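Okay, structure first, notes after.
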Amino acid sequence: MPRVVRLLVILAPGSVDAEVGRLQQAIFASRGLVSAIALPPLVPVRFLPPDGPGRIPDPPGREVPSRWRAAATTLVEADDSLFLGLDTRGAWHGLHSDLRYRPGRPGGGLFSEAEGFFLGCPGQEQSAEPRPGVDEPAVPVLAFSSASLAIFRIKVPEAGPWWTDLSWEIEDRRPLRGRRPG
């Protein structure tokens, strides 16, 4: 029986999504990191309880500054996970600290939550070292000021690596606009 994990994420617009998807593929090619391509490009905000509400509270992003903007920084390792770091000018921290997304008991995460696009779990995979003769991928120059907030419902194996057999669906998706001035 699969285990259900729910995750609040930021989803970037299509052009940024495509660039991050290319980076995920390059990480897979350079390191053999299967977890890098297990999920679509997403910025993990918070793992949620598996039995929590499947809807994003209204208004979404009330703790996000208006006129927020995200820009890629560098590859960042956080605990056992690899990310394309982002500077979101406080948007990610506002969402991460929003108490509406921390109901009850923790959801039991698959990887770290960090301000950046998830690029895999080198700390969990055996073959996470760069392959000889293969260059590490270049970090793309990208920025965006529009995005969506979504809740992903992910089914993973009860035992073994989570990336070996998973399925996911989006339970709810809303535009992320930030709080209104005033």
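Letters for chains follow the order of the structure tokens (A, B, ...), residue numbers begin at 1 for each chain, and ligand numbers begin at 1 in the order shown.
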**Report entry** region 65-114 of chain A: residues DSSP assigns to strand (DSSP E), reported as a ChimeraX atom specification
**Finding:** /A:70-78,81-87
Go ahead and dump the residues you just picked, C-alpha atoms, as a compact mmCIF listing (two decimals), in the first residue's frame.
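Contents of selection.txt, as written:
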# COMPACT_ATOMS: atom_id res chain seq x y z
CA ALA A 70 12.18 35.45 -7.58
CA ALA A 71 15.63 35.11 -9.14
CA ALA A 72 17.87 32.04 -9.39
CA THR A 73 21.08 32.12 -7.36
CA THR A 74 23.32 29.01 -7.21
CA LEU A 75 23.07 25.28 -6.62
CA VAL A 76 22.46 24.81 -2.89
CA GLU A 77 22.55 21.70 -0.72
CA ALA A 78 20.17 21.64 2.25
CA SER A 81 18.67 17.66 -0.90
CA LEU A 82 19.91 19.71 -3.85
CA PHE A 83 18.19 22.91 -4.98
CA LEU A 84 18.52 25.65 -7.53
CA GLY A 85 18.53 28.43 -4.95
CA LEU A 86 16.13 31.33 -5.29
CA ASP A 87 16.01 34.80 -3.84
Query raised in the report: How many Å separate CA of Leu42 (chain A) from CA of Val139 (chain A)?
Result: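 Interatomic distance, CA of Leu42 (chain A) to CA of Val139 (chain A): 15.9 Å.
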Report summary line: Judged by only C-alpha atoms, the minimum distance to Glu115 (chain A) among A:Pro59, A:Gly160, A:Gly32, A:Gly94 is found for A:Gly94
**Report entry** For Ser15 (chain A), the nearest of the candidates A:Ala143, A:Leu119, A:Phe152, A:Leu166, counting only C-alpha atoms
**Finding:**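 Looking only at the distances to Ser15 (chain A), the closest residue turns out to be A:Ala143.
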Report task. Run DSSP on the backbone and grab whatever in region 54-115 of chain A lands in alpha helix (DSSP H); send it over as a PyMOL selection string. Result -> chain A and resi 91-97
Query raised in the report: With only C-alpha atoms as the atoms that count, which of A:Leu7, A:Leu23, A:Met1, A:Leu110 lies nearest to Leu142 (chain A)?
Result: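 Smallest separation from Leu142 (chain A) among the options: A:Leu23.
The neighbours of region 168-181 of chain A here are the residues that come within 8 Å of it, using only C-alpha atoms and leaving out any residue fewer than 5 positions away in the same chain; they are A:Gly54, A:Arg55, A:Ile56, A:Pro60, A:Gly61, A:Arg62, A:Glu63, A:Val64, A:Pro65, A:Ser66, A:Arg67, A:Trp68, A:Ala91, A:Ser146, A:Ala147, A:Ser148, A:Leu149, A:Ala150, A:Ile151, A:Phe152, A:Arg153, A:Ile154, A:Lys155.
Distances from A:Asp58, A:Pro13, A:Asp165, A:Asp79 to Gly120 (chain A) were compared using only C-alpha atoms, and the smallest one belongs to A:Asp79.
Here CA of Ala12 (chain A) and CA of Phe144 (chain A) stand 7.4 Å from one another.
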Query raised in the report: What does the distance from CA of Phe47 (chain A) to CA of Trp163 (chain A) come to in Å, to one decimal?
Result: 16.3 Å
Report task. Within 12 Å of Pro41 (chain A), counting only C-alpha atoms, which residues show up once you throw out same-chain ones fewer than 3 positions away? Write them as a ChimeraX atom specification, please. Result -> /A:9-25,35-38,44,83-84,116-120
